[in-house]
>>> print(open('coords_26.cif').read())   # mmCIF, N, CA and C atoms
data_work
loop_
_atom_site.label_atom_id
_atom_site.label_comp_id
_atom_site.auth_asym_id
_atom_site.auth_seq_id
_atom_site.Cartn_x
_atom_site.Cartn_y
_atom_site.Cartn_z
N MET F 1 47.02 92.24 -110.51
CA MET F 1 48.24 92.11 -109.74
C MET F 1 48.35 90.66 -109.26
N SER F 2 49.53 90.08 -109.40
CA SER F 2 49.78 88.71 -108.95
C SER F 2 49.69 88.62 -107.43
N LYS F 3 49.57 87.40 -106.93
CA LYS F 3 49.38 87.16 -105.50
C LYS F 3 50.42 87.86 -104.63
N ASN F 4 51.70 87.77 -104.98
CA ASN F 4 52.75 88.34 -104.14
C ASN F 4 53.40 89.59 -104.71
N GLU F 5 52.80 90.14 -105.74
CA GLU F 5 53.35 91.35 -106.34
C GLU F 5 53.10 92.54 -105.41
N VAL F 6 54.06 93.45 -105.35
CA VAL F 6 53.91 94.67 -104.57
C VAL F 6 53.84 95.86 -105.52
N THR F 7 53.27 96.94 -105.06
CA THR F 7 53.19 98.13 -105.90
C THR F 7 54.59 98.74 -106.04
N LEU F 8 54.80 99.44 -107.13
CA LEU F 8 56.08 100.11 -107.34
C LEU F 8 56.32 101.13 -106.23
N GLU F 9 55.27 101.80 -105.78
CA GLU F 9 55.41 102.79 -104.71
C GLU F 9 55.98 102.14 -103.45
N ASN F 10 55.41 101.00 -103.04
CA ASN F 10 55.94 100.30 -101.85
C ASN F 10 57.35 99.79 -102.10
N ALA F 11 57.61 99.24 -103.27
CA ALA F 11 58.95 98.73 -103.58
C ALA F 11 59.99 99.84 -103.47
N LYS F 12 59.67 101.00 -103.98
CA LYS F 12 60.59 102.14 -103.92
C LYS F 12 60.85 102.56 -102.47
N ILE F 13 59.80 102.61 -101.67
CA ILE F 13 59.94 102.99 -100.26
C ILE F 13 60.80 101.96 -99.53
N TRP F 14 60.52 100.68 -99.73
CA TRP F 14 61.26 99.62 -99.03
C TRP F 14 62.72 99.59 -99.46
N ALA F 15 62.97 99.70 -100.77
CA ALA F 15 64.35 99.67 -101.28
C ALA F 15 65.14 100.87 -100.76
N LYS F 16 64.50 102.04 -100.77
CA LYS F 16 65.19 103.25 -100.30
C LYS F 16 65.53 103.12 -98.81
N LYS F 17 64.62 102.58 -98.02
CA LYS F 17 64.87 102.40 -96.59
C LYS F 17 66.07 101.48 -96.37
N TRP F 18 66.10 100.34 -97.09
CA TRP F 18 67.24 99.42 -96.96
C TRP F 18 68.54 100.12 -97.34
N GLN F 19 68.53 100.78 -98.49
CA GLN F 19 69.76 101.39 -99.01
C GLN F 19 70.22 102.56 -98.15
N THR F 20 69.30 103.31 -97.56
CA THR F 20 69.65 104.43 -96.69
C THR F 20 70.23 103.92 -95.38
N GLU F 21 69.63 102.88 -94.83
CA GLU F 21 70.07 102.36 -93.54
C GLU F 21 71.26 101.41 -93.65
N ASN F 22 71.57 100.96 -94.85
CA ASN F 22 72.67 100.00 -95.06
C ASN F 22 73.54 100.43 -96.24
N PRO F 23 74.15 101.60 -96.17
CA PRO F 23 74.90 102.11 -97.32
C PRO F 23 76.12 101.29 -97.70
N LYS F 24 76.62 100.48 -96.81
CA LYS F 24 77.80 99.67 -97.10
C LYS F 24 77.45 98.23 -97.45
N HIS F 25 76.17 97.98 -97.71
CA HIS F 25 75.70 96.65 -98.08
C HIS F 25 75.18 96.68 -99.51
N CYS F 26 75.04 95.51 -100.08
CA CYS F 26 74.52 95.40 -101.44
C CYS F 26 73.11 95.97 -101.52
N LYS F 27 72.82 96.52 -102.69
CA LYS F 27 71.47 97.02 -102.97
C LYS F 27 70.58 95.90 -103.48
N ALA F 28 71.18 95.00 -104.23
CA ALA F 28 70.40 93.97 -104.92
C ALA F 28 71.32 92.86 -105.38
N PHE F 29 70.71 91.80 -105.91
CA PHE F 29 71.45 90.70 -106.50
C PHE F 29 70.83 90.37 -107.85
N LEU F 30 71.66 90.19 -108.85
CA LEU F 30 71.20 89.68 -110.14
C LEU F 30 71.16 88.16 -110.01
N MET F 31 69.99 87.57 -110.31
CA MET F 31 69.84 86.12 -110.23
C MET F 31 69.79 85.54 -111.62
N PRO F 32 70.83 84.83 -112.05
CA PRO F 32 70.81 84.22 -113.38
C PRO F 32 69.66 83.21 -113.50
N ALA F 33 68.97 83.24 -114.61
CA ALA F 33 67.84 82.34 -114.83
C ALA F 33 68.25 80.88 -114.68
N ILE F 34 69.47 80.53 -115.11
CA ILE F 34 69.90 79.13 -115.02
C ILE F 34 69.94 78.66 -113.58
N ASP F 35 70.31 79.54 -112.65
CA ASP F 35 70.35 79.15 -111.24
C ASP F 35 68.94 78.89 -110.71
N LEU F 36 67.99 79.71 -111.12
CA LEU F 36 66.60 79.49 -110.72
C LEU F 36 66.07 78.18 -111.31
N ILE F 37 66.40 77.94 -112.58
CA ILE F 37 65.96 76.71 -113.25
C ILE F 37 66.55 75.49 -112.56
N GLU F 38 67.86 75.52 -112.25
CA GLU F 38 68.50 74.39 -111.59
C GLU F 38 67.90 74.14 -110.20
N THR F 39 67.55 75.21 -109.49
CA THR F 39 66.91 75.06 -108.18
C THR F 39 65.56 74.37 -108.35
N LEU F 40 64.76 74.80 -109.33
CA LEU F 40 63.45 74.19 -109.56
C LEU F 40 63.55 72.75 -110.04
N LEU F 41 64.58 72.44 -110.84
CA LEU F 41 64.80 71.06 -111.27
C LEU F 41 65.15 70.17 -110.08
N GLU F 42 66.03 70.65 -109.21
CA GLU F 42 66.45 69.87 -108.06
C GLU F 42 65.28 69.63 -107.10
N MET F 43 64.36 70.57 -107.03
CA MET F 43 63.20 70.45 -106.15
C MET F 43 62.13 69.56 -106.75
N ASN F 44 62.32 69.14 -108.00
CA ASN F 44 61.32 68.36 -108.73
C ASN F 44 60.03 69.16 -108.95
N VAL F 45 60.18 70.46 -109.07
CA VAL F 45 59.05 71.33 -109.42
C VAL F 45 59.01 71.47 -110.94
N LEU F 46 60.16 71.69 -111.54
CA LEU F 46 60.30 71.70 -112.99
C LEU F 46 60.83 70.33 -113.38
N VAL F 47 60.06 69.61 -114.20
CA VAL F 47 60.41 68.22 -114.52
C VAL F 47 60.54 68.07 -116.04
N LYS F 48 61.72 67.59 -116.48
CA LYS F 48 61.94 67.39 -117.90
C LYS F 48 61.22 66.12 -118.35
N GLN F 49 60.45 66.25 -119.41
CA GLN F 49 59.68 65.13 -119.96
C GLN F 49 60.50 64.42 -121.03
N GLU F 50 60.08 63.24 -121.41
CA GLU F 50 60.79 62.46 -122.43
C GLU F 50 60.88 63.19 -123.77
N ASP F 51 59.89 64.02 -124.08
CA ASP F 51 59.89 64.74 -125.36
C ASP F 51 60.75 66.01 -125.33
N GLY F 52 61.42 66.27 -124.18
CA GLY F 52 62.29 67.43 -124.06
C GLY F 52 61.60 68.66 -123.48
N ASN F 53 60.29 68.64 -123.39
CA ASN F 53 59.56 69.74 -122.77
C ASN F 53 59.60 69.59 -121.25
N TYR F 54 59.16 70.61 -120.56
CA TYR F 54 59.14 70.60 -119.10
C TYR F 54 57.72 70.75 -118.60
N SER F 55 57.46 70.17 -117.44
CA SER F 55 56.17 70.34 -116.79
C SER F 55 56.42 70.80 -115.35
N LEU F 56 55.39 71.38 -114.75
CA LEU F 56 55.47 71.81 -113.36
C LEU F 56 54.76 70.79 -112.48
N GLN F 57 55.39 70.49 -111.34
CA GLN F 57 54.80 69.57 -110.37
C GLN F 57 55.11 70.08 -108.97
N ASN F 58 54.34 69.66 -108.01
CA ASN F 58 54.62 69.93 -106.59
C ASN F 58 54.76 71.42 -106.27
N VAL F 59 54.10 72.27 -107.02
CA VAL F 59 54.25 73.72 -106.84
C VAL F 59 53.74 74.16 -105.47
N GLU F 60 52.59 73.66 -105.05
CA GLU F 60 51.99 74.11 -103.79
C GLU F 60 52.82 73.74 -102.57
N SER F 61 53.58 72.65 -102.64
CA SER F 61 54.34 72.20 -101.47
C SER F 61 55.81 72.54 -101.55
N SER F 62 56.18 73.43 -102.46
CA SER F 62 57.59 73.76 -102.66
C SER F 62 57.82 75.26 -102.51
N GLY F 63 59.04 75.61 -102.18
CA GLY F 63 59.41 77.02 -102.07
C GLY F 63 60.90 77.17 -102.26
N VAL F 64 61.36 78.41 -102.15
CA VAL F 64 62.78 78.71 -102.21
C VAL F 64 63.08 79.63 -101.04
N ARG F 65 64.14 79.30 -100.30
CA ARG F 65 64.57 80.14 -99.18
C ARG F 65 65.87 80.81 -99.58
N ALA F 66 66.00 82.10 -99.25
CA ALA F 66 67.22 82.85 -99.55
C ALA F 66 67.96 83.14 -98.25
N TYR F 67 69.23 82.80 -98.23
CA TYR F 67 70.10 83.09 -97.09
C TYR F 67 71.07 84.19 -97.47
N MET F 68 71.23 85.18 -96.62
CA MET F 68 72.25 86.19 -96.80
C MET F 68 73.56 85.60 -96.31
N ALA F 69 74.66 85.90 -97.02
CA ALA F 69 75.97 85.37 -96.64
C ALA F 69 77.05 86.37 -97.07
N ILE F 70 78.23 86.22 -96.52
CA ILE F 70 79.36 87.08 -96.88
C ILE F 70 80.57 86.20 -97.17
N ASP F 71 81.16 86.40 -98.34
CA ASP F 71 82.41 85.73 -98.70
C ASP F 71 83.55 86.60 -98.19
N GLN F 72 84.21 86.17 -97.14
CA GLN F 72 85.28 86.95 -96.53
C GLN F 72 86.53 87.01 -97.39
N GLU F 73 86.59 86.19 -98.44
CA GLU F 73 87.74 86.17 -99.34
C GLU F 73 87.74 87.36 -100.30
N VAL F 74 86.59 88.01 -100.45
CA VAL F 74 86.49 89.15 -101.37
C VAL F 74 87.16 90.35 -100.71
N GLU F 75 88.22 90.84 -101.35
CA GLU F 75 88.99 91.94 -100.76
C GLU F 75 88.48 93.30 -101.17
N GLU F 76 88.00 93.43 -102.40
CA GLU F 76 87.47 94.70 -102.87
C GLU F 76 86.00 94.56 -103.18
N GLY F 77 85.25 95.62 -102.98
CA GLY F 77 83.84 95.58 -103.32
C GLY F 77 83.02 94.87 -102.26
N PHE F 78 81.99 94.23 -102.71
CA PHE F 78 81.03 93.61 -101.80
C PHE F 78 81.15 92.09 -101.88
N GLY F 79 81.37 91.46 -100.74
CA GLY F 79 81.43 90.02 -100.67
C GLY F 79 80.08 89.40 -100.32
N GLU F 80 79.05 90.24 -100.27
CA GLU F 80 77.73 89.73 -99.91
C GLU F 80 77.20 88.80 -100.99
N LYS F 81 76.52 87.77 -100.53
CA LYS F 81 75.99 86.76 -101.44
C LYS F 81 74.55 86.47 -101.05
N LEU F 82 73.82 85.97 -102.01
CA LEU F 82 72.48 85.48 -101.77
C LEU F 82 72.48 84.01 -102.13
N LEU F 83 72.29 83.16 -101.12
CA LEU F 83 72.30 81.72 -101.33
C LEU F 83 70.86 81.23 -101.36
N LEU F 84 70.50 80.52 -102.41
CA LEU F 84 69.14 80.00 -102.52
C LEU F 84 69.14 78.50 -102.35
N VAL F 85 68.13 78.02 -101.62
CA VAL F 85 67.93 76.59 -101.46
C VAL F 85 66.46 76.28 -101.70
N GLY F 86 66.21 75.14 -102.32
CA GLY F 86 64.84 74.70 -102.50
C GLY F 86 64.28 74.19 -101.18
N THR F 87 62.97 74.26 -101.04
CA THR F 87 62.31 73.75 -99.85
C THR F 87 61.11 72.88 -100.23
N LYS F 88 60.76 71.98 -99.34
CA LYS F 88 59.55 71.16 -99.45
C LYS F 88 58.84 71.22 -98.11
N VAL F 89 57.53 71.21 -98.15
CA VAL F 89 56.74 71.20 -96.92
C VAL F 89 56.73 69.78 -96.36
N ASP F 90 57.01 69.66 -95.05
CA ASP F 90 57.00 68.34 -94.42
C ASP F 90 55.64 68.07 -93.78
N CYS F 91 55.52 66.97 -93.07
CA CYS F 91 54.25 66.56 -92.47
C CYS F 91 53.80 67.50 -91.35
N LYS F 92 54.68 68.36 -90.89
CA LYS F 92 54.34 69.34 -89.84
C LYS F 92 54.08 70.72 -90.45
N ASP F 93 53.97 70.77 -91.79
CA ASP F 93 53.71 71.99 -92.55
C ASP F 93 54.85 73.02 -92.43
N ILE F 94 56.09 72.51 -92.31
CA ILE F 94 57.27 73.36 -92.23
C ILE F 94 58.03 73.25 -93.54
N HIS F 95 58.41 74.38 -94.12
CA HIS F 95 59.25 74.37 -95.32
C HIS F 95 60.66 73.97 -94.89
N ARG F 96 61.08 72.76 -95.28
CA ARG F 96 62.39 72.23 -94.93
C ARG F 96 63.36 72.43 -96.09
N ASP F 97 64.59 72.83 -95.77
CA ASP F 97 65.62 73.02 -96.79
C ASP F 97 65.99 71.69 -97.42
N ILE F 98 66.12 71.69 -98.73
CA ILE F 98 66.60 70.51 -99.45
C ILE F 98 68.09 70.73 -99.71
N ILE F 99 68.87 70.42 -98.68
CA ILE F 99 70.32 70.60 -98.77
C ILE F 99 71.04 69.43 -98.12
N GLU F 100 72.28 69.28 -98.52
CA GLU F 100 73.17 68.27 -97.96
C GLU F 100 73.17 68.39 -96.43
N ASP F 101 73.18 67.28 -95.73
CA ASP F 101 73.22 67.22 -94.27
C ASP F 101 71.96 67.71 -93.58
N GLU F 102 70.85 67.91 -94.32
CA GLU F 102 69.58 68.27 -93.68
C GLU F 102 69.17 67.10 -92.79
N LYS F 103 68.76 67.39 -91.57
CA LYS F 103 68.35 66.33 -90.65
C LYS F 103 67.08 65.67 -91.16
N PRO F 104 66.89 64.38 -90.90
CA PRO F 104 65.67 63.69 -91.34
C PRO F 104 64.43 64.39 -90.80
N SER F 105 63.38 64.37 -91.58
CA SER F 105 62.16 65.09 -91.23
C SER F 105 61.37 64.42 -90.12
N GLY F 106 61.51 63.10 -89.97
CA GLY F 106 60.71 62.38 -89.00
C GLY F 106 59.32 62.07 -89.53
N CYS F 107 59.10 62.33 -90.81
CA CYS F 107 57.82 62.07 -91.44
C CYS F 107 57.89 60.75 -92.22
N ASP F 108 56.79 60.02 -92.26
CA ASP F 108 56.72 58.82 -93.09
C ASP F 108 56.60 59.24 -94.55
N ASN F 109 57.31 58.56 -95.44
CA ASN F 109 57.24 58.83 -96.89
C ASN F 109 57.42 60.32 -97.19
N SER F 110 58.42 60.93 -96.63
CA SER F 110 58.63 62.37 -96.73
C SER F 110 59.22 62.79 -98.08
N ASP F 111 58.58 63.76 -98.72
CA ASP F 111 59.14 64.36 -99.94
C ASP F 111 60.46 65.04 -99.65
N VAL F 112 60.60 65.58 -98.44
CA VAL F 112 61.85 66.25 -98.05
C VAL F 112 62.99 65.24 -98.04
N ASP F 113 62.80 64.15 -97.34
CA ASP F 113 63.86 63.13 -97.24
C ASP F 113 64.20 62.55 -98.60
N THR F 114 63.19 62.31 -99.43
CA THR F 114 63.42 61.78 -100.77
C THR F 114 64.25 62.77 -101.59
N ALA F 115 63.89 64.04 -101.53
CA ALA F 115 64.61 65.07 -102.30
C ALA F 115 66.05 65.21 -101.81
N VAL F 116 66.26 65.19 -100.50
CA VAL F 116 67.62 65.31 -99.95
C VAL F 116 68.46 64.11 -100.39
N ASN F 117 67.87 62.93 -100.37
CA ASN F 117 68.61 61.73 -100.77
C ASN F 117 68.97 61.73 -102.26
N LYS F 118 68.20 62.43 -103.08
CA LYS F 118 68.47 62.48 -104.52
C LYS F 118 69.42 63.60 -104.91
N LEU F 119 69.85 64.41 -103.97
CA LEU F 119 70.73 65.55 -104.30
C LEU F 119 71.96 65.10 -105.06
N ASN F 120 72.32 65.91 -106.03
CA ASN F 120 73.56 65.71 -106.77
C ASN F 120 74.40 66.96 -106.54
N GLY F 121 74.90 67.12 -105.34
CA GLY F 121 75.61 68.32 -104.93
C GLY F 121 75.08 68.77 -103.58
N SER F 122 75.39 70.01 -103.22
CA SER F 122 75.02 70.51 -101.89
C SER F 122 73.57 70.94 -101.78
N GLY F 123 72.96 71.34 -102.92
CA GLY F 123 71.61 71.88 -102.88
C GLY F 123 71.58 73.38 -102.62
N VAL F 124 72.76 74.00 -102.53
CA VAL F 124 72.86 75.44 -102.26
C VAL F 124 73.37 76.12 -103.53
N PHE F 125 72.65 77.15 -103.96
CA PHE F 125 73.03 77.88 -105.18
C PHE F 125 73.47 79.29 -104.81
N ASP F 126 74.58 79.72 -105.38
CA ASP F 126 75.22 80.99 -105.07
C ASP F 126 74.92 82.01 -106.16
N PHE F 127 74.24 83.05 -105.78
CA PHE F 127 73.98 84.16 -106.71
C PHE F 127 75.00 85.24 -106.43
N THR F 128 76.01 85.32 -107.28
CA THR F 128 77.19 86.12 -106.96
C THR F 128 77.33 87.40 -107.76
N SER F 129 76.25 87.96 -108.24
CA SER F 129 76.34 89.22 -108.97
C SER F 129 75.67 90.33 -108.17
N PRO F 130 76.39 90.85 -107.16
CA PRO F 130 75.79 91.87 -106.31
C PRO F 130 75.78 93.25 -106.97
N CYS F 131 74.89 94.08 -106.50
CA CYS F 131 74.81 95.48 -106.89
C CYS F 131 75.10 96.29 -105.64
N PRO F 132 76.11 97.13 -105.65
CA PRO F 132 77.05 97.33 -106.72
C PRO F 132 77.95 96.11 -106.85
N SER F 133 78.40 95.81 -107.87
CA SER F 133 78.89 96.35 -109.10
C SER F 133 78.02 96.01 -110.31
N ASP F 134 77.08 95.10 -110.17
CA ASP F 134 76.24 94.70 -111.29
C ASP F 134 74.85 95.31 -111.09
N CYS F 135 74.75 96.63 -111.33
CA CYS F 135 73.52 97.38 -111.06
C CYS F 135 72.86 97.87 -112.34
N ASP F 136 71.58 98.17 -112.21
CA ASP F 136 70.83 98.87 -113.25
C ASP F 136 70.61 100.29 -112.72
N ILE F 137 71.47 101.21 -113.12
CA ILE F 137 71.41 102.58 -112.58
C ILE F 137 70.15 103.32 -113.02
N ASN F 138 69.44 102.80 -114.01
CA ASN F 138 68.22 103.44 -114.48
C ASN F 138 66.98 102.96 -113.73
N SER F 139 67.12 101.96 -112.87
CA SER F 139 65.99 101.41 -112.14
C SER F 139 65.48 102.42 -111.10
N PRO F 140 64.17 102.57 -110.96
CA PRO F 140 63.64 103.45 -109.91
C PRO F 140 63.89 102.91 -108.51
N LEU F 141 64.37 101.67 -108.40
CA LEU F 141 64.69 101.10 -107.09
C LEU F 141 66.16 101.27 -106.71
N SER F 142 66.98 101.75 -107.63
CA SER F 142 68.43 101.80 -107.42
C SER F 142 68.84 102.87 -106.42
N ASN F 143 68.19 104.01 -106.38
CA ASN F 143 68.53 105.11 -105.45
C ASN F 143 70.02 105.44 -105.48
N SER F 144 70.58 105.55 -106.67
CA SER F 144 72.01 105.80 -106.83
C SER F 144 72.39 107.20 -106.38
#
>>> encode(input="coords_26.cif", output="C-alpha cells")
Amino acid sequence: MSKNEVTLENAKIWAKKWQTENPKHCKAFLMPAIDLIETLLEMNVLVKQEDGNYSLQNVESSGVRAYMAIDQEVEEGFGEKLLLVGTKVDCKDIHRDIIEDEKPSGCDNSDVDTAVNKLNGSGVFDFTSPCPSDCDINSPLSNS
C-alpha cells in the first residue's frame, strides 16, 4: 500500500458519510490529467528536458492544495468546483500557495517567491466536471 493510500473499506465509509450528510452537494470531481500536469509544470515539479522527456524535481518541498468553490452562475445542476493550486514549502515549513497576488514569503532566496514571480496566469486550476453529472455509477464509492 502506498504512503497515503486508504483501504477501500475506509473510502466507502467516508464517501457514504459525505454523500449521506450532503445530498445536495457534489459526490466527486473528475480531474483531467492535463490539469494535474499543468499544475506540476507550473510548480517546477515536472520539468521538460531538452530531449522532450520530463523529469521530476522538488517533489519533497511541493504539494497541491484543493479549494472548494461554488460558481453562482450555474443555474442548473451543481456549481461546485474544485480549485487546485500548487504549493511550495517556505523557510517556516509552511506550504504556501503559488498563485497570483500571494504575499511575499519573507524568506531569503524563497522558492515560493520565485515560483510566484514566474507565473504565467493566475496559478489556479478549475476542475469543472462534478459528479453528478459526470459520475461513474458503477463505482463502489458512488452510493447512487
>>> closest_residue(input="coords_26.cif", among="F:Thr39, F:Ser110, F:Gln72, F:Ser55", to="Asp126 (chain F)", atoms="only C-alpha atoms")
F:Thr39
>>> closest_residue(input="coords_26.cif", among="F:Ala11, F:Phe125, F:Leu30, F:Glu21", to="Tyr67 (chain F)", atoms="only C-alpha atoms")
F:Phe125
>>> resolve_selection(input="coords_26.cif", expression="the PyMOL selection byres ((chain F and resi 87-102) around 5)", output="list in words")
Ser61, Ser62, Gly63, Val64, Val85, Gly86, Lys103, Pro104, Ser122 and Gly123 of chain F
>>> atom_distance(input="coords_26.cif", atom1="CA of Met43 (chain F)", atom2="CA of Gly106 (chain F)")
19.1 Å
>>> closest_residue(input="coords_26.cif", among="F:Ala115, F:Leu56, F:Gln19, F:Cys135", to="Glu42 (chain F)", atoms="all atoms listed in the file")
F:Ala115
>>> select_by_dssp(input="coords_26.cif", residues="chain F", states="strand (DSSP E or B)", output="ChimeraX atom specification")
/F:28-30,46-48,54-56,62-70,80-89,95-97,124-127,129-131
>>> write_last_selection(input="coords_26.cif", atoms="N, CA and C atoms", output="CSV table (one decimal), in the coordinates of the input")
chain,number,residue,atom,x,y,z
F,28,ALA,N,71.2,95.0,-104.2
F,28,ALA,CA,70.4,94.0,-104.9
F,28,ALA,C,71.3,92.9,-105.4
F,29,PHE,N,70.7,91.8,-105.9
F,29,PHE,CA,71.4,90.7,-106.5
F,29,PHE,C,70.8,90.4,-107.8
F,30,LEU,N,71.7,90.2,-108.8
F,30,LEU,CA,71.2,89.7,-110.1
F,30,LEU,C,71.2,88.2,-110.0
F,46,LEU,N,60.2,71.7,-111.5
F,46,LEU,CA,60.3,71.7,-113.0
F,46,LEU,C,60.8,70.3,-113.4
F,47,VAL,N,60.1,69.6,-114.2
F,47,VAL,CA,60.4,68.2,-114.5
F,47,VAL,C,60.5,68.1,-116.0
F,48,LYS,N,61.7,67.6,-116.5
F,48,LYS,CA,61.9,67.4,-117.9
F,48,LYS,C,61.2,66.1,-118.4
F,54,TYR,N,59.2,70.6,-120.6
F,54,TYR,CA,59.1,70.6,-119.1
F,54,TYR,C,57.7,70.8,-118.6
F,55,SER,N,57.5,70.2,-117.4
F,55,SER,CA,56.2,70.3,-116.8
F,55,SER,C,56.4,70.8,-115.4
F,56,LEU,N,55.4,71.4,-114.8
F,56,LEU,CA,55.5,71.8,-113.4
F,56,LEU,C,54.8,70.8,-112.5
F,62,SER,N,56.2,73.4,-102.5
F,62,SER,CA,57.6,73.8,-102.7
F,62,SER,C,57.8,75.3,-102.5
F,63,GLY,N,59.0,75.6,-102.2
F,63,GLY,CA,59.4,77.0,-102.1
F,63,GLY,C,60.9,77.2,-102.3
F,64,VAL,N,61.4,78.4,-102.2
F,64,VAL,CA,62.8,78.7,-102.2
F,64,VAL,C,63.1,79.6,-101.0
F,65,ARG,N,64.1,79.3,-100.3
F,65,ARG,CA,64.6,80.1,-99.2
F,65,ARG,C,65.9,80.8,-99.6
F,66,ALA,N,66.0,82.1,-99.2
F,66,ALA,CA,67.2,82.8,-99.6
F,66,ALA,C,68.0,83.1,-98.2
F,67,TYR,N,69.2,82.8,-98.2
F,67,TYR,CA,70.1,83.1,-97.1
F,67,TYR,C,71.1,84.2,-97.5
F,68,MET,N,71.2,85.2,-96.6
F,68,MET,CA,72.2,86.2,-96.8
F,68,MET,C,73.6,85.6,-96.3
F,69,ALA,N,74.7,85.9,-97.0
F,69,ALA,CA,76.0,85.4,-96.6
F,69,ALA,C,77.0,86.4,-97.1
F,70,ILE,N,78.2,86.2,-96.5
F,70,ILE,CA,79.4,87.1,-96.9
F,70,ILE,C,80.6,86.2,-97.2
F,80,GLU,N,79.0,90.2,-100.3
F,80,GLU,CA,77.7,89.7,-99.9
F,80,GLU,C,77.2,88.8,-101.0
F,81,LYS,N,76.5,87.8,-100.5
F,81,LYS,CA,76.0,86.8,-101.4
F,81,LYS,C,74.6,86.5,-101.0
F,82,LEU,N,73.8,86.0,-102.0
F,82,LEU,CA,72.5,85.5,-101.8
F,82,LEU,C,72.5,84.0,-102.1
F,83,LEU,N,72.3,83.2,-101.1
F,83,LEU,CA,72.3,81.7,-101.3
F,83,LEU,C,70.9,81.2,-101.4
F,84,LEU,N,70.5,80.5,-102.4
F,84,LEU,CA,69.1,80.0,-102.5
F,84,LEU,C,69.1,78.5,-102.4
F,85,VAL,N,68.1,78.0,-101.6
F,85,VAL,CA,67.9,76.6,-101.5
F,85,VAL,C,66.5,76.3,-101.7
F,86,GLY,N,66.2,75.1,-102.3
F,86,GLY,CA,64.8,74.7,-102.5
F,86,GLY,C,64.3,74.2,-101.2
F,87,THR,N,63.0,74.3,-101.0
F,87,THR,CA,62.3,73.8,-99.8
F,87,THR,C,61.1,72.9,-100.2
F,88,LYS,N,60.8,72.0,-99.3
F,88,LYS,CA,59.6,71.2,-99.4
F,88,LYS,C,58.8,71.2,-98.1
F,89,VAL,N,57.5,71.2,-98.2
F,89,VAL,CA,56.7,71.2,-96.9
F,89,VAL,C,56.7,69.8,-96.4
F,95,HIS,N,58.4,74.4,-94.1
F,95,HIS,CA,59.2,74.4,-95.3
F,95,HIS,C,60.7,74.0,-94.9
F,96,ARG,N,61.1,72.8,-95.3
F,96,ARG,CA,62.4,72.2,-94.9
F,96,ARG,C,63.4,72.4,-96.1
F,97,ASP,N,64.6,72.8,-95.8
F,97,ASP,CA,65.6,73.0,-96.8
F,97,ASP,C,66.0,71.7,-97.4
F,124,VAL,N,72.8,74.0,-102.5
F,124,VAL,CA,72.9,75.4,-102.3
F,124,VAL,C,73.4,76.1,-103.5
F,125,PHE,N,72.6,77.2,-104.0
F,125,PHE,CA,73.0,77.9,-105.2
F,125,PHE,C,73.5,79.3,-104.8
F,126,ASP,N,74.6,79.7,-105.4
F,126,ASP,CA,75.2,81.0,-105.1
F,126,ASP,C,74.9,82.0,-106.2
F,127,PHE,N,74.2,83.0,-105.8
F,127,PHE,CA,74.0,84.2,-106.7
F,127,PHE,C,75.0,85.2,-106.4
F,129,SER,N,76.2,88.0,-108.2
F,129,SER,CA,76.3,89.2,-109.0
F,129,SER,C,75.7,90.3,-108.2
F,130,PRO,N,76.4,90.8,-107.2
F,130,PRO,CA,75.8,91.9,-106.3
F,130,PRO,C,75.8,93.2,-107.0
F,131,CYS,N,74.9,94.1,-106.5
F,131,CYS,CA,74.8,95.5,-106.9
F,131,CYS,C,75.1,96.3,-105.6
>>> closest_residue(input="coords_26.cif", among="F:Val112, F:Ile37, F:Cys107, F:Ile70", to="Asn58 (chain F)", atoms="only C-alpha atoms")
F:Val112
>>> atom_distance(input="coords_26.cif", atom1="atom C of Thr20 (chain F)", atom2="CA of Asn143 (chain F)")
10.3 Å
>>> atom_distance(input="coords_26.cif", atom1="CA of Leu41 (chain F)", atom2="CA of Tyr54 (chain F)")
9.7 Å
>>> select_by_dssp(input="coords_26.cif", residues="region 9-124 of chain F", states="helix (DSSP H, G or I)", output="number ranges by chain")
F: 9-21, 33-42, 111-117
>>> closest_residue(input="coords_26.cif", among="F:Lys48, F:Asn53, F:Pro130, F:Asn4", to="Asp71 (chain F)", atoms="only C-alpha atoms")
F:Pro130
>>> closest_residue(input="coords_26.cif", among="F:Cys26, F:Leu119, F:Val45, F:Val124", to="Gly79 (chain F)", atoms="only N, CA and C atoms")
F:Cys26
>>> axis_aligned_box(input="coords_26.cif", around="region 104-118 of chain F", padding_each_side="5 Å", output="AutoDock Vina command-line options")
--center_x 63.0 --center_y 62.4 --center_z -97.0 --size_x 22.8 --size_y 17.7 --size_z 25.9
>>> resolve_selection(input="coords_26.cif", expression="the PyMOL selection byres ((chain F and resi 68) around 6.5)", output="compact mmCIF listing (two decimals) with N, CA and C atoms, keeping the file's coordinate frame")
# COMPACT_ATOMS: atom_id res chain seq x y z
N ALA F 66 66.00 82.10 -99.25
CA ALA F 66 67.22 82.85 -99.55
C ALA F 66 67.96 83.14 -98.25
N TYR F 67 69.23 82.80 -98.23
CA TYR F 67 70.10 83.09 -97.09
C TYR F 67 71.07 84.19 -97.47
N ALA F 69 74.66 85.90 -97.02
CA ALA F 69 75.97 85.37 -96.64
C ALA F 69 77.05 86.37 -97.07
N ILE F 70 78.23 86.22 -96.52
CA ILE F 70 79.36 87.08 -96.88
C ILE F 70 80.57 86.20 -97.17
N LYS F 81 76.52 87.77 -100.53
CA LYS F 81 75.99 86.76 -101.44
C LYS F 81 74.55 86.47 -101.05
N LEU F 82 73.82 85.97 -102.01
CA LEU F 82 72.48 85.48 -101.77
C LEU F 82 72.48 84.01 -102.13
N LEU F 83 72.29 83.16 -101.12
CA LEU F 83 72.30 81.72 -101.33
C LEU F 83 70.86 81.23 -101.36
>>> resolve_selection(input="coords_26.cif", expression="the PyMOL selection byres ((chain F and resi 29) around 6)", output="short mmCIF file (atom, residue, chain, number, x, y, z; two decimals) with N, CA and C atoms, in the frame of the given file")
data_model
loop_
_atom_site.label_atom_id
_atom_site.label_comp_id
_atom_site.auth_asym_id
_atom_site.auth_seq_id
_atom_site.Cartn_x
_atom_site.Cartn_y
_atom_site.Cartn_z
N LYS F 27 72.82 96.52 -102.69
CA LYS F 27 71.47 97.02 -102.97
C LYS F 27 70.58 95.90 -103.48
N ALA F 28 71.18 95.00 -104.23
CA ALA F 28 70.40 93.97 -104.92
C ALA F 28 71.32 92.86 -105.38
N LEU F 30 71.66 90.19 -108.85
CA LEU F 30 71.20 89.68 -110.14
C LEU F 30 71.16 88.16 -110.01
N MET F 31 69.99 87.57 -110.31
CA MET F 31 69.84 86.12 -110.23
C MET F 31 69.79 85.54 -111.62
N SER F 129 76.25 87.96 -108.24
CA SER F 129 76.34 89.22 -108.97
C SER F 129 75.67 90.33 -108.17
N PRO F 130 76.39 90.85 -107.16
CA PRO F 130 75.79 91.87 -106.31
C PRO F 130 75.78 93.25 -106.97
N CYS F 131 74.89 94.08 -106.50
CA CYS F 131 74.81 95.48 -106.89
C CYS F 131 75.10 96.29 -105.64
#
